[in-house]
>>> print(open('structure-v3.cif').read())   # mmCIF, C-alpha atoms
data_entry
#
loop_
_atom_site.label_atom_id
_atom_site.label_comp_id
_atom_site.auth_asym_id
_atom_site.auth_seq_id
_atom_site.Cartn_x
_atom_site.Cartn_y
_atom_site.Cartn_z
CA MET A 6 20.46 -3.46 12.23
CA ASP A 7 20.72 -3.02 8.48
CA PHE A 8 19.72 -6.34 6.96
CA SER A 9 19.96 -5.11 3.37
CA LYS A 10 23.65 -6.02 3.09
CA GLN A 11 23.05 -9.67 4.03
CA PRO A 12 22.85 -12.13 1.11
CA ILE A 13 19.52 -13.80 0.42
CA LEU A 14 19.31 -17.58 0.53
CA VAL A 15 16.20 -19.41 -0.71
CA ARG A 16 15.61 -22.90 0.64
CA LYS A 17 12.95 -25.41 -0.31
CA TYR A 18 12.10 -28.32 2.00
CA GLY A 19 10.28 -31.35 0.62
CA GLY A 20 7.40 -33.16 2.26
CA THR A 21 9.51 -35.99 3.69
CA SER A 22 11.75 -33.44 5.40
CA LEU A 23 8.63 -31.97 7.06
CA GLU A 24 6.59 -35.12 7.62
CA SER A 25 6.01 -34.54 11.36
CA VAL A 26 5.98 -31.71 13.88
CA GLU A 27 9.24 -33.07 15.31
CA ARG A 28 10.86 -32.85 11.89
CA ILE A 29 9.50 -29.31 11.49
CA LYS A 30 11.15 -28.39 14.80
CA GLU A 31 14.48 -29.81 13.58
CA VAL A 32 14.21 -27.82 10.35
CA ALA A 33 13.44 -24.69 12.39
CA ARG A 34 16.62 -25.17 14.42
CA ASP A 35 18.65 -25.51 11.21
CA ILE A 36 17.08 -22.38 9.73
CA ALA A 37 17.76 -20.39 12.91
CA LEU A 38 21.44 -21.40 12.81
CA THR A 39 21.71 -20.40 9.14
CA ARG A 40 20.17 -17.01 9.90
CA GLU A 41 22.78 -16.46 12.62
CA GLN A 42 25.45 -16.98 9.95
CA GLY A 43 24.31 -13.75 8.28
CA PHE A 44 21.75 -14.80 5.69
CA ARG A 45 18.33 -13.40 4.91
CA LEU A 46 16.19 -16.48 4.45
CA VAL A 47 13.19 -17.32 2.31
CA VAL A 48 11.96 -20.85 3.06
CA VAL A 49 9.57 -22.58 0.64
CA VAL A 50 7.73 -25.58 2.03
CA SER A 51 5.84 -28.54 0.64
CA ALA A 52 2.92 -30.24 2.36
CA MET A 53 3.80 -32.54 5.25
CA GLY A 54 4.55 -36.14 4.27
CA SER A 55 1.71 -37.67 2.25
CA THR A 56 -0.79 -34.86 2.92
CA THR A 57 -1.27 -34.03 -0.78
CA ASN A 58 -2.00 -37.67 -1.63
CA GLU A 59 -4.43 -37.93 1.26
CA LEU A 60 -6.29 -34.80 0.14
CA ALA A 61 -6.45 -36.10 -3.44
CA ALA A 62 -7.83 -39.41 -2.17
CA MET A 63 -10.54 -37.57 -0.24
CA ALA A 64 -11.47 -35.67 -3.40
CA ALA A 65 -11.76 -38.94 -5.33
CA THR A 66 -14.27 -40.25 -2.78
CA ALA A 67 -16.34 -37.08 -3.12
CA ALA A 68 -16.49 -37.10 -6.93
CA GLU A 69 -15.22 -39.31 -9.75
CA HIS A 70 -13.97 -36.25 -11.68
CA PRO A 71 -13.62 -33.36 -9.18
CA PRO A 72 -13.67 -29.87 -10.74
CA ARG A 73 -10.09 -28.68 -11.16
CA ARG A 74 -10.78 -25.33 -9.54
CA GLU A 75 -12.00 -27.04 -6.39
CA MET A 76 -9.00 -29.40 -6.46
CA ASP A 77 -6.76 -26.34 -6.31
CA MET A 78 -8.72 -24.96 -3.37
CA LEU A 79 -8.31 -28.28 -1.58
CA LEU A 80 -4.69 -29.16 -2.41
CA SER A 81 -3.33 -25.70 -1.60
CA VAL A 82 -4.29 -26.30 2.04
CA GLY A 83 -1.44 -28.77 2.62
CA GLU A 84 1.38 -26.24 2.18
CA ARG A 85 -0.48 -23.65 4.25
CA ILE A 86 -0.53 -26.05 7.19
CA THR A 87 3.22 -26.58 6.92
CA MET A 88 4.11 -22.90 6.58
CA SER A 89 2.11 -22.00 9.69
CA LEU A 90 3.63 -24.75 11.82
CA LEU A 91 7.17 -23.93 10.71
CA SER A 92 6.67 -20.23 11.46
CA MET A 93 5.43 -21.18 14.95
CA ALA A 94 8.44 -23.45 15.47
CA LEU A 95 10.80 -20.67 14.39
CA ALA A 96 9.16 -18.25 16.82
CA ALA A 97 9.72 -20.81 19.59
CA GLN A 98 13.43 -20.78 18.61
CA GLY A 99 13.52 -17.02 19.07
CA CYS A 100 13.77 -16.59 15.30
CA PRO A 101 11.31 -13.97 13.97
CA ALA A 102 9.33 -15.36 11.03
CA ILE A 103 6.23 -14.73 8.98
CA SER A 104 4.33 -17.04 6.61
CA TYR A 105 2.78 -16.18 3.26
CA THR A 106 0.69 -18.10 0.75
CA GLY A 107 1.57 -17.98 -2.93
CA SER A 108 -1.15 -15.41 -3.55
CA GLN A 109 0.13 -13.19 -0.69
CA CYS A 110 3.56 -13.25 -2.37
CA ALA A 111 1.87 -12.21 -5.62
CA ILE A 112 3.01 -15.28 -7.53
CA ILE A 113 0.91 -14.73 -10.65
CA THR A 114 0.10 -17.74 -12.84
CA ASP A 115 -1.97 -18.58 -15.87
CA ASP A 116 -5.45 -19.99 -15.25
CA SER A 117 -4.63 -23.69 -15.84
CA HIS A 118 -5.99 -25.22 -12.66
CA THR A 119 -3.92 -28.06 -11.11
CA ASP A 120 -1.07 -27.50 -13.60
CA ALA A 121 -0.51 -23.74 -13.77
CA ARG A 122 2.62 -21.96 -14.97
CA ILE A 123 4.15 -18.92 -13.30
CA LEU A 124 3.84 -15.71 -15.34
CA GLU A 125 5.19 -13.16 -12.86
CA VAL A 126 6.45 -12.91 -9.28
CA LYS A 127 6.11 -9.54 -7.53
CA ALA A 128 7.09 -10.56 -3.96
CA ASP A 129 6.80 -7.02 -2.51
CA ARG A 130 5.67 -8.34 0.87
CA VAL A 131 8.57 -10.78 0.91
CA ARG A 132 11.06 -7.93 0.36
CA GLU A 133 9.44 -5.84 3.09
CA SER A 134 9.60 -8.72 5.56
CA LEU A 135 13.24 -9.49 4.74
CA ALA A 136 14.08 -5.82 5.30
CA ARG A 137 12.62 -6.16 8.82
CA GLY A 138 14.89 -9.13 9.54
CA LEU A 139 12.18 -11.79 9.35
CA VAL A 140 12.55 -15.29 7.98
CA VAL A 141 9.88 -15.56 5.29
CA VAL A 142 8.14 -18.94 5.04
CA VAL A 143 6.25 -19.41 1.77
CA ALA A 144 3.70 -22.07 0.85
CA GLY A 145 5.06 -23.72 -2.27
CA PHE A 146 3.16 -25.26 -5.17
CA GLN A 147 0.60 -22.46 -5.47
CA GLY A 148 -0.14 -19.04 -6.86
CA MET A 149 -2.96 -16.86 -8.07
CA SER A 150 -4.24 -16.22 -11.58
CA ARG A 151 -4.91 -12.74 -12.91
CA ALA A 152 -8.59 -13.51 -12.30
CA LYS A 153 -7.66 -13.87 -8.59
CA GLU A 154 -8.28 -17.61 -8.54
CA ILE A 155 -6.10 -19.92 -6.43
CA THR A 156 -4.01 -22.17 -8.69
CA THR A 157 -1.53 -24.98 -8.09
CA LEU A 158 1.60 -25.72 -10.11
CA GLY A 159 1.38 -29.50 -10.44
CA ARG A 160 3.36 -32.20 -8.64
CA GLY A 161 6.79 -30.90 -7.66
CA GLY A 162 5.62 -27.32 -8.09
CA SER A 163 7.24 -26.17 -4.82
CA ASP A 164 10.61 -26.41 -6.60
CA THR A 165 9.36 -23.91 -9.17
CA THR A 166 8.09 -21.60 -6.42
CA ALA A 167 11.54 -21.59 -4.81
CA VAL A 168 13.46 -20.95 -8.04
CA ALA A 169 11.05 -18.20 -9.13
CA LEU A 170 11.45 -16.42 -5.79
CA ALA A 171 15.24 -16.79 -5.94
CA ALA A 172 15.27 -15.22 -9.41
CA THR A 173 12.99 -12.36 -8.40
CA LEU A 174 14.88 -11.57 -5.18
CA GLY A 175 18.38 -11.94 -6.64
CA ALA A 176 19.25 -14.69 -4.17
CA ARG A 177 22.80 -16.01 -3.92
CA ARG A 178 21.49 -19.51 -4.56
CA CYS A 179 18.44 -21.72 -4.24
CA GLU A 180 18.83 -24.89 -2.18
CA ILE A 181 16.50 -27.85 -2.68
CA LEU A 182 16.58 -29.93 0.51
CA LYS A 183 15.28 -33.49 0.31
CA ASP A 184 15.57 -36.95 1.85
CA VAL A 185 18.46 -37.94 -0.47
CA ASP A 186 22.09 -36.80 -0.51
CA GLY A 187 21.74 -34.99 -3.84
CA VAL A 188 21.22 -35.97 -7.46
CA LEU A 189 21.99 -39.69 -7.71
CA ASP A 190 22.41 -41.77 -10.85
CA ALA A 191 19.56 -44.06 -9.75
CA ASP A 192 16.96 -44.47 -7.04
CA PRO A 193 18.94 -45.81 -4.03
CA SER A 194 15.94 -47.91 -2.94
CA VAL A 195 16.23 -49.80 -6.25
CA ILE A 196 20.00 -49.56 -6.81
CA PRO A 197 21.85 -49.66 -3.47
CA GLY A 198 25.03 -47.66 -3.68
CA ALA A 199 23.81 -45.42 -6.51
CA GLY A 200 26.42 -42.78 -7.35
CA LEU A 201 26.18 -39.09 -6.41
CA HIS A 202 26.69 -36.36 -9.02
CA ARG A 203 28.70 -33.56 -7.43
CA ASP A 204 28.30 -31.08 -10.30
CA LEU A 205 25.81 -30.89 -13.16
CA SER A 206 24.85 -28.28 -15.70
CA VAL A 207 21.24 -27.15 -15.88
CA GLU A 208 20.97 -28.85 -19.27
CA GLU A 209 22.17 -32.17 -17.85
CA MET A 210 19.74 -31.91 -14.94
CA GLN A 211 16.91 -31.16 -17.37
CA GLU A 212 17.69 -34.39 -19.22
CA ILE A 213 17.56 -36.31 -15.95
CA ALA A 214 14.30 -34.65 -14.90
CA ALA A 215 12.71 -35.32 -18.29
CA THR A 216 12.91 -39.08 -17.71
CA GLY A 217 10.87 -38.94 -14.51
CA SER A 218 13.41 -38.27 -11.79
CA GLY A 219 11.58 -36.43 -9.04
CA VAL A 220 14.68 -34.76 -7.59
CA VAL A 221 14.03 -31.34 -9.19
CA HIS A 222 10.93 -30.42 -11.18
CA ILE A 223 11.66 -29.75 -14.84
CA ARG A 224 9.80 -26.42 -14.85
CA ALA A 225 12.00 -25.24 -11.98
CA LEU A 226 15.04 -26.08 -14.10
CA GLU A 227 13.63 -24.21 -17.08
CA TYR A 228 13.13 -21.17 -14.83
CA ALA A 229 16.66 -21.52 -13.40
CA GLN A 230 18.18 -21.69 -16.86
CA LYS A 231 16.24 -18.67 -18.10
CA HIS A 232 17.08 -16.50 -15.08
CA GLY A 233 20.57 -17.78 -14.23
CA VAL A 234 19.71 -19.18 -10.78
CA GLN A 235 22.32 -21.44 -9.22
CA LEU A 236 20.86 -24.52 -7.54
CA ALA A 237 22.10 -26.89 -4.89
CA VAL A 238 20.40 -30.20 -4.07
CA ARG A 239 21.27 -31.82 -0.76
CA SER A 240 19.86 -33.67 2.21
CA SER A 241 17.87 -31.97 4.95
CA PHE A 242 19.00 -34.67 7.40
CA HIS A 243 22.72 -33.74 7.45
CA SER A 244 24.98 -30.86 6.40
CA ARG A 245 27.18 -32.60 3.82
CA GLU A 246 27.46 -31.06 0.38
CA GLY A 247 25.22 -32.50 -2.29
CA THR A 248 24.95 -31.57 -5.97
CA THR A 249 25.59 -28.14 -7.47
CA ILE A 250 23.62 -27.31 -10.61
CA SER A 251 24.54 -24.29 -12.69
CA ALA A 252 25.02 -23.11 -16.26
CA GLU A 253 28.80 -22.93 -15.79
CA HIS A 254 29.51 -26.56 -14.97
CA PRO A 255 30.90 -28.59 -17.87
CA ARG A 256 30.12 -32.24 -18.29
CA SER A 257 31.98 -34.21 -15.64
CA PRO A 258 34.89 -36.22 -17.10
CA CYS A 259 33.75 -39.30 -15.18
CA THR A 260 30.55 -39.36 -17.21
CA ASP A 261 32.32 -39.08 -20.55
CA PRO A 262 34.81 -41.97 -20.82
CA PRO A 263 36.79 -42.72 -23.99
CA ALA A 264 34.69 -44.50 -26.61
CA SER A 265 37.22 -47.29 -27.07
CA LEU A 266 34.65 -50.04 -26.61
CA ARG A 267 31.24 -50.11 -28.26
CA GLU A 268 29.39 -50.30 -24.94
CA ASN A 269 31.33 -47.28 -23.65
CA ARG A 270 29.84 -45.04 -26.32
CA TYR A 271 26.62 -44.73 -24.30
CA ARG A 272 27.06 -43.55 -20.76
CA PRO A 273 23.80 -42.02 -19.49
CA LEU A 274 23.76 -39.71 -16.49
CA ALA A 275 21.00 -41.51 -14.63
CA MET A 276 18.54 -44.40 -14.71
CA SER A 277 15.04 -44.41 -13.27
CA VAL A 278 12.77 -47.41 -12.78
CA ARG A 279 8.98 -47.31 -13.00
CA LYS A 280 7.25 -50.51 -11.99
CA ARG A 281 3.62 -51.29 -12.91
CA ALA A 282 3.47 -49.11 -16.01
CA CYS A 283 1.13 -49.32 -19.00
CA ASN A 284 1.48 -48.34 -22.65
CA LEU A 285 -1.30 -46.99 -24.88
CA VAL A 286 -0.89 -46.71 -28.66
CA LEU A 287 -3.53 -44.86 -30.73
CA ARG A 288 -3.61 -45.17 -34.52
CA THR A 289 -6.14 -43.63 -36.87
CA GLY A 290 -6.28 -42.31 -40.41
CA ASN A 291 -8.30 -39.34 -39.11
CA PRO A 292 -5.94 -36.82 -37.44
CA LYS A 293 -8.88 -34.85 -36.03
CA GLN A 294 -10.18 -37.97 -34.29
CA GLY A 295 -6.72 -38.80 -32.99
CA GLN A 296 -6.23 -35.30 -31.59
CA ALA A 297 -9.61 -35.50 -29.84
CA TRP A 298 -8.55 -38.79 -28.21
CA ARG A 299 -5.24 -37.33 -27.06
CA ASP A 300 -6.82 -34.15 -25.69
CA LEU A 301 -9.42 -36.12 -23.72
CA ILE A 302 -6.79 -38.40 -22.16
CA LEU A 303 -4.28 -35.67 -21.27
CA GLY A 304 -7.06 -33.41 -20.04
CA GLN A 305 -8.05 -35.89 -17.34
CA LEU A 306 -4.81 -37.78 -16.69
CA ASP A 307 -2.78 -36.60 -13.69
CA ALA A 308 0.41 -35.14 -15.16
CA SER A 309 2.47 -36.99 -12.53
CA ALA A 310 1.19 -40.32 -13.92
CA ILE A 311 2.69 -39.67 -17.38
CA ILE A 312 6.10 -41.25 -17.91
CA ALA A 313 6.55 -40.40 -21.60
CA GLU A 314 4.62 -39.69 -24.78
CA TRP A 315 5.52 -39.73 -28.45
CA MET A 316 3.85 -38.48 -31.60
CA ASP A 317 5.03 -40.17 -34.79
CA SER A 318 5.13 -38.26 -38.06
CA GLY A 319 3.63 -39.60 -41.28
CA PRO A 320 0.19 -40.05 -42.78
CA GLY A 321 -2.70 -40.32 -40.35
CA PHE A 322 -2.21 -40.07 -36.61
CA ARG A 323 -0.11 -42.25 -34.28
CA TRP A 324 0.32 -41.33 -30.63
CA GLU A 325 1.84 -43.34 -27.81
CA VAL A 326 1.91 -42.72 -24.06
CA VAL A 327 3.45 -44.59 -21.14
CA ALA A 328 1.83 -43.98 -17.76
CA GLY A 329 1.33 -45.52 -14.35
CA GLU A 330 -0.69 -48.73 -14.40
CA GLY A 331 -4.44 -48.30 -13.94
CA SER A 332 -4.38 -44.63 -14.92
CA LEU A 333 -5.66 -45.21 -18.47
CA THR A 334 -8.22 -48.01 -18.12
CA CYS A 335 -11.20 -45.91 -17.08
CA LEU A 336 -10.20 -43.14 -19.49
CA LEU A 337 -10.34 -45.60 -22.39
CA ARG A 338 -13.94 -46.45 -21.51
CA GLU A 339 -14.83 -42.76 -21.49
CA LEU A 340 -12.96 -42.25 -24.75
CA GLY A 341 -14.99 -45.04 -26.37
CA ASP A 342 -18.21 -43.37 -25.22
CA LYS A 343 -17.35 -39.84 -26.38
CA HIS A 344 -15.23 -40.59 -29.45
CA PRO A 345 -15.93 -44.21 -30.45
CA PRO A 346 -13.32 -45.81 -32.74
CA GLY A 347 -14.31 -46.22 -36.37
CA PRO A 348 -13.20 -48.64 -39.10
CA GLY A 349 -9.42 -48.77 -39.29
CA ASP A 350 -8.92 -47.10 -35.90
CA ASP A 351 -6.71 -49.00 -33.47
CA LEU A 352 -6.35 -48.56 -29.70
CA GLN A 353 -3.92 -50.89 -27.96
CA LEU A 354 -3.38 -50.89 -24.19
CA THR A 355 -0.59 -53.01 -22.72
CA GLU A 356 -0.37 -53.31 -18.94
CA GLY A 357 2.05 -54.99 -16.56
CA LEU A 358 5.15 -53.26 -17.91
CA LEU A 359 8.44 -52.30 -16.30
CA CYS A 360 9.82 -49.06 -17.73
CA LEU A 361 13.52 -48.26 -17.44
CA SER A 362 14.45 -44.71 -18.41
CA PHE A 363 18.01 -43.59 -19.15
CA ALA A 364 18.79 -39.88 -19.22
CA GLY A 365 21.50 -37.92 -20.99
CA GLY A 366 24.71 -39.09 -22.56
CA ARG A 367 23.47 -38.97 -26.15
CA PRO A 368 25.29 -41.76 -27.99
CA ASP A 369 27.08 -41.75 -31.33
CA SER A 370 24.42 -44.15 -32.61
CA TRP A 371 21.19 -45.43 -31.08
CA LEU A 372 21.65 -48.49 -33.30
CA GLU A 373 24.83 -49.36 -31.41
CA VAL A 374 22.95 -48.95 -28.13
CA GLN A 375 20.21 -51.29 -29.37
CA ARG A 376 22.80 -53.89 -30.34
CA HIS A 377 24.43 -53.68 -26.93
CA LEU A 378 21.09 -53.97 -25.12
CA THR A 379 20.09 -56.87 -27.34
CA GLU A 380 23.16 -58.73 -26.13
CA LEU A 381 22.17 -58.02 -22.52
CA LEU A 382 18.42 -58.58 -22.69
CA ASP A 383 18.14 -61.49 -25.09
CA ARG A 384 19.73 -63.65 -22.42
CA GLU A 385 16.59 -63.22 -20.32
CA GLU A 386 14.04 -66.00 -20.83
CA GLY A 387 10.35 -65.13 -21.11
CA LEU A 388 11.03 -61.41 -21.53
CA GLU A 389 9.64 -59.12 -24.24
CA TRP A 390 11.19 -55.70 -24.65
CA ARG A 391 11.46 -52.73 -26.98
CA LEU A 392 13.15 -49.33 -27.09
CA ARG A 393 11.94 -45.78 -27.58
CA ALA A 394 14.57 -43.06 -27.91
CA ASP A 395 14.23 -39.32 -28.28
CA GLY A 396 16.88 -36.66 -27.81
CA GLY A 397 19.17 -37.80 -25.03
CA SER A 398 16.58 -40.07 -23.42
CA LEU A 399 16.06 -43.80 -23.84
CA ARG A 400 13.10 -45.84 -22.56
CA VAL A 401 13.19 -49.60 -22.32
CA LEU A 402 9.73 -51.18 -21.98
CA LEU A 403 9.83 -54.73 -20.59
CA ARG A 404 7.01 -57.23 -20.30
CA GLY A 405 7.02 -60.76 -18.95
CA VAL A 406 9.35 -62.39 -16.47
CA VAL A 407 11.71 -59.66 -15.28
CA ALA A 408 14.54 -60.85 -13.05
CA GLU A 409 14.61 -58.90 -9.78
CA ASP A 410 18.24 -57.91 -10.29
CA LEU A 411 17.88 -56.86 -13.95
CA PRO A 412 17.72 -53.09 -13.23
CA ARG A 413 20.87 -53.38 -11.12
CA ARG A 414 22.69 -55.30 -13.86
CA LEU A 415 21.70 -52.79 -16.54
CA HIS A 416 22.77 -49.95 -14.27
CA GLY A 417 26.14 -51.60 -13.85
CA ALA A 418 26.52 -52.22 -17.59
CA LEU A 419 25.55 -48.75 -18.84
CA LEU A 420 26.29 -46.12 -16.22
CA PRO A 421 29.83 -44.89 -15.45
CA HIS A 422 31.48 -45.96 -12.22
#
>>> encode(input="structure-v3.cif", output="structure tokens")
Amino acid sequence: MDFSKQPILVRKYGGTSLESVERIKEVARDIALTREQGFRLVVVVSAMGSTTNELAAMAATAAEHPPRREMDMLLSVGERITMSLLSMALAAQGCPAISYTGSQCAIITDDSHTDARILEVKADRVRESLARGLVVVVAGFQGMSRAKEITTLGRGGSDTTAVALAATLGARRCEILKDVDGVLDADPSVIPGAGLHRDLSVEEMQEIAATGSGVVHIRALEYAQKHGVQLAVRSSFHSREGTTISAEHPRSPCTDPPASLRENRYRPLAMSVRKRACNLVLRTGNPKQGQAWRDLILGQLDASAIIAEWMDSGPGFRWEVVAGEGSLTCLLRELGDKHPPGPGDDLQLTEGLLCLSFAGGRPDSWLEVQRHLTELLDREEGLEWRLRADGGSLRVLLRGVVAEDLPRRLHGALLPH
């Protein structure tokens, strides 16, 4: 049979979709059915369930600051376990399959261990296997540097693996299969009944991803935009359509209502909630000192812990970062040892914050947004809050007594319905 005329479909399955051997068997049955429909399939997999977190926890018990190269050697194991099990499950379904690591696919990256970027994808072995009618199962999240070192792509890097392969192979589309119905306007565990976006442009999805939504990794979106890859995000637990993401989709009319009322002038695409956040502000008149502080913190802080950062222009140096609570405390001690603050230097760490991030829907005026939010938030007793806005993103940092239903009320007041 000549398989060359069959369209190529790239699918990526997240860790929750593959959290057990039973789930892997269900995914294998779905893949086998899709192959029977006339597709050549490349399947990119994440590590099963919480495997990556468990491996990282083991590393932390072995060393306070594990070498990044060895972290890559360790963390890359999780996806290799999944790819092997899925290939076995496909074989049991009578569906011929073969598994490859990122290095076997010749996914070439830079040498930034634990947070590498893809430079080139050759994928010759993938093409050869597709030509033989095999389903190709690829370990996501990993590649190989030009120095032949194993590298990983950072949290969510399997999305980038899938999009890069789709671009290289000329796939019809790249599907990101997850444990949600598609791209929602809020986390359904926080906002029950959160709305589903049926169509988004790549630019709109980038704005959503930039505020911390874990639905699609922002580097995958950058790759999709550059190479014209059409994406679909949907659930791996049912066959209903989810969200289509492409360069052709205009802004949905439902997200752009008439600006007849002041509060209608700001209609973000999505809201994300980060509980137990902290905020660090560094001020110094010595830019060299400030840059050394920033480099030390970002060099050791897990990229997935960073919610946002800002650098303010003007004399001296002022840098601000919002991250997961507890992630900065020990780093501040190390910073004080290596680069102790001098006269006039100021380091302020605020913990116990709730961070609400709103993505997209750039308003006519951020001042109008602040006035509207002031009306909403000043009714809350014992609550301190402030705004940080950049581009189409808005962060609201709250400290004090936060009513349990406040995120839901703000979602209802700001997002379109």
>>> closest_residue(input="structure-v3.cif", among="A:Asp129, A:Glu41, A:Glu154, A:Asp7", to="Ser81 (chain A)", atoms="only C-alpha atoms")
A:Glu154
>>> resolve_selection(input="structure-v3.cif", expression="the PyMOL selection byres ((chain A and resi 233) around 10)", output="list in words")
Val168, Ala171, Ala172, Gly175, Arg178, Val207, Leu226, Glu227, Tyr228, Ala229, Gln230, Lys231, His232, Val234, Gln235, Leu236, Ser251, Ala252 and Glu253 of chain A
>>> residues_around(input="structure-v3.cif", residues="region 370-376 of chain A", least_positions_apart="2", cutoff="12 Å", atoms="only C-alpha atoms", output="PyMOL selection string")
chain A and resi 264+266-273+363+366-368+378-383+390-401+418-419
>>> residues_around(input="structure-v3.cif", residues="Val221 (chain A)", least_positions_apart="6", cutoff="12 Å", atoms="all atoms listed in the file", output="short mmCIF file (atom, residue, chain, number, x, y, z; two decimals) with C-alpha atoms, keeping the file's coordinate frame")
data_model
loop_
_atom_site.label_atom_id
_atom_site.label_comp_id
_atom_site.auth_asym_id
_atom_site.auth_seq_id
_atom_site.Cartn_x
_atom_site.Cartn_y
_atom_site.Cartn_z
CA LYS A 17 12.95 -25.41 -0.31
CA TYR A 18 12.10 -28.32 2.00
CA GLY A 19 10.28 -31.35 0.62
CA ARG A 160 3.36 -32.20 -8.64
CA GLY A 161 6.79 -30.90 -7.66
CA GLY A 162 5.62 -27.32 -8.09
CA SER A 163 7.24 -26.17 -4.82
CA ASP A 164 10.61 -26.41 -6.60
CA THR A 165 9.36 -23.91 -9.17
CA THR A 166 8.09 -21.60 -6.42
CA ALA A 167 11.54 -21.59 -4.81
CA VAL A 168 13.46 -20.95 -8.04
CA CYS A 179 18.44 -21.72 -4.24
CA GLU A 180 18.83 -24.89 -2.18
CA ILE A 181 16.50 -27.85 -2.68
CA LEU A 182 16.58 -29.93 0.51
CA LYS A 183 15.28 -33.49 0.31
CA VAL A 185 18.46 -37.94 -0.47
CA GLY A 187 21.74 -34.99 -3.84
CA VAL A 188 21.22 -35.97 -7.46
CA LEU A 189 21.99 -39.69 -7.71
CA VAL A 207 21.24 -27.15 -15.88
CA GLU A 209 22.17 -32.17 -17.85
CA MET A 210 19.74 -31.91 -14.94
CA GLN A 211 16.91 -31.16 -17.37
CA GLU A 212 17.69 -34.39 -19.22
CA ILE A 213 17.56 -36.31 -15.95
CA ALA A 214 14.30 -34.65 -14.90
CA ALA A 215 12.71 -35.32 -18.29
CA GLU A 227 13.63 -24.21 -17.08
CA TYR A 228 13.13 -21.17 -14.83
CA ALA A 229 16.66 -21.52 -13.40
CA LEU A 236 20.86 -24.52 -7.54
CA ALA A 237 22.10 -26.89 -4.89
CA VAL A 238 20.40 -30.20 -4.07
CA ARG A 239 21.27 -31.82 -0.76
CA THR A 248 24.95 -31.57 -5.97
CA ILE A 250 23.62 -27.31 -10.61
#
>>> closest_residue(input="structure-v3.cif", among="A:Asp351, A:Leu274, A:Thr87, A:Met76", to="Ile29 (chain A)", atoms="only C-alpha atoms")
A:Thr87
>>> atom_distance(input="structure-v3.cif", atom1="CA of Leu23 (chain A)", atom2="CA of Ala308 (chain A)")
23.9 Å
>>> atom_distance(input="structure-v3.cif", atom1="CA of Ala169 (chain A)", atom2="CA of Gly83 (chain A)")
20.1 Å
>>> atom_distance(input="structure-v3.cif", atom1="CA of Met316 (chain A)", atom2="CA of Asn284 (chain A)")
13.5 Å
>>> resolve_selection(input="structure-v3.cif", expression="the PyMOL selection byres ((chain A and resi 48-54) around 8)", output="PyMOL selection string")
chain A and resi 15-25+46-47+55-57+83-88+140-146+163+166-167
>>> closest_residue(input="structure-v3.cif", among="A:Asp307, A:Ala33, A:Gly138, A:Gly219", to="His118 (chain A)", atoms="all atoms listed in the file")
A:Asp307
>>> resolve_selection(input="structure-v3.cif", expression="the PyMOL selection byres ((chain A and resi 126) around 10)", output="list in words")
Gly107, Ser108, Cys110, Ala111, Ile112, Ile113, Thr114, Ile123, Leu124, Glu125, Lys127, Ala128, Asp129, Gly148, Thr166, Ala169, Leu170, Ala172, Thr173 and Leu174 of chain A
>>> axis_aligned_box(input="structure-v3.cif", around="region 134-137 of chain A", padding_each_side="4 Å", output="lines of an AutoDock Vina configuration file")
center_x = 11.8
center_y = -7.7
center_z = 6.8
size_x = 12.5
size_y = 11.7
size_z = 12.1
>>> closest_residue(input="structure-v3.cif", among="A:Arg288, A:Arg413, A:Arg34, A:Arg132", to="Ser92 (chain A)", atoms="only C-alpha atoms")
A:Arg34
>>> closest_residue(input="structure-v3.cif", among="A:Gly198, A:Gly247, A:Gly159, A:Gly341", to="Asp186 (chain A)", atoms="only C-alpha atoms")
A:Gly247
>>> residues_near_point(input="structure-v3.cif", point="(21.2, -59.2, -14.8)", cutoff="9 Å", atoms="only C-alpha atoms", output="ChimeraX atom specification")
/A:381-382,384-385,408-415
>>> closest_residue(input="structure-v3.cif", among="A:Arg279, A:His243, A:Lys30, A:Arg137", to="Leu90 (chain A)", atoms="all atoms listed in the file")
A:Lys30
>>> residues_around(input="structure-v3.cif", residues="Glu386 (chain A)", least_positions_apart="6", cutoff="10 Å", atoms="all atoms listed in the file", output="PyMOL selection string")
chain A and resi 405-408
>>> closest_atom_pairs(input="structure-v3.cif", of="region 344-388 of chain A", to="region 310-314 of chain A", cutoff="12 Å", atoms="all atoms listed in the file", output="JSON lines")
{"residue": "A:Leu359", "atom": "CA", "partner": "A:Ile312", "partner_atom": "CA", "distance": 11.4}
{"residue": "A:Cys360", "atom": "CA", "partner": "A:Ile312", "partner_atom": "CA", "distance": 8.7}
{"residue": "A:Leu361", "atom": "CA", "partner": "A:Ile312", "partner_atom": "CA", "distance": 10.2}
{"residue": "A:Ser362", "atom": "CA", "partner": "A:Ile312", "partner_atom": "CA", "distance": 9.1}
>>> write_last_selection(input="structure-v3.cif", atoms="C-alpha atoms", output="CSV table (one decimal), keeping the file's coordinate frame")
chain,number,residue,atom,x,y,z
A,359,LEU,CA,8.4,-52.3,-16.3
A,360,CYS,CA,9.8,-49.1,-17.7
A,361,LEU,CA,13.5,-48.3,-17.4
A,362,SER,CA,14.4,-44.7,-18.4
>>> decode(input="structure-v3.cif", residues="region 115-124 of chain A", atoms="C-alpha atoms", output="JSON list (two decimals), in the first residue's frame")
[["chain", "number", "residue", "atom", "x", "y", "z"],
["A", 115, "ASP", "CA", 20.56, 25.01, 21.76],
["A", 116, "ASP", "CA", 22.57, 23.97, 24.81],
["A", 117, "SER", "CA", 20.37, 25.62, 27.49],
["A", 118, "HIS", "CA", 19.76, 22.69, 29.80],
["A", 119, "THR", "CA", 16.23, 22.41, 31.29],
["A", 120, "ASP", "CA", 14.94, 25.28, 29.11],
["A", 121, "ALA", "CA", 16.28, 24.63, 25.60],
["A", 122, "ARG", "CA", 14.92, 26.05, 22.35],
["A", 123, "ILE", "CA", 14.53, 24.08, 19.13],
["A", 124, "LEU", "CA", 16.93, 25.14, 16.37]]
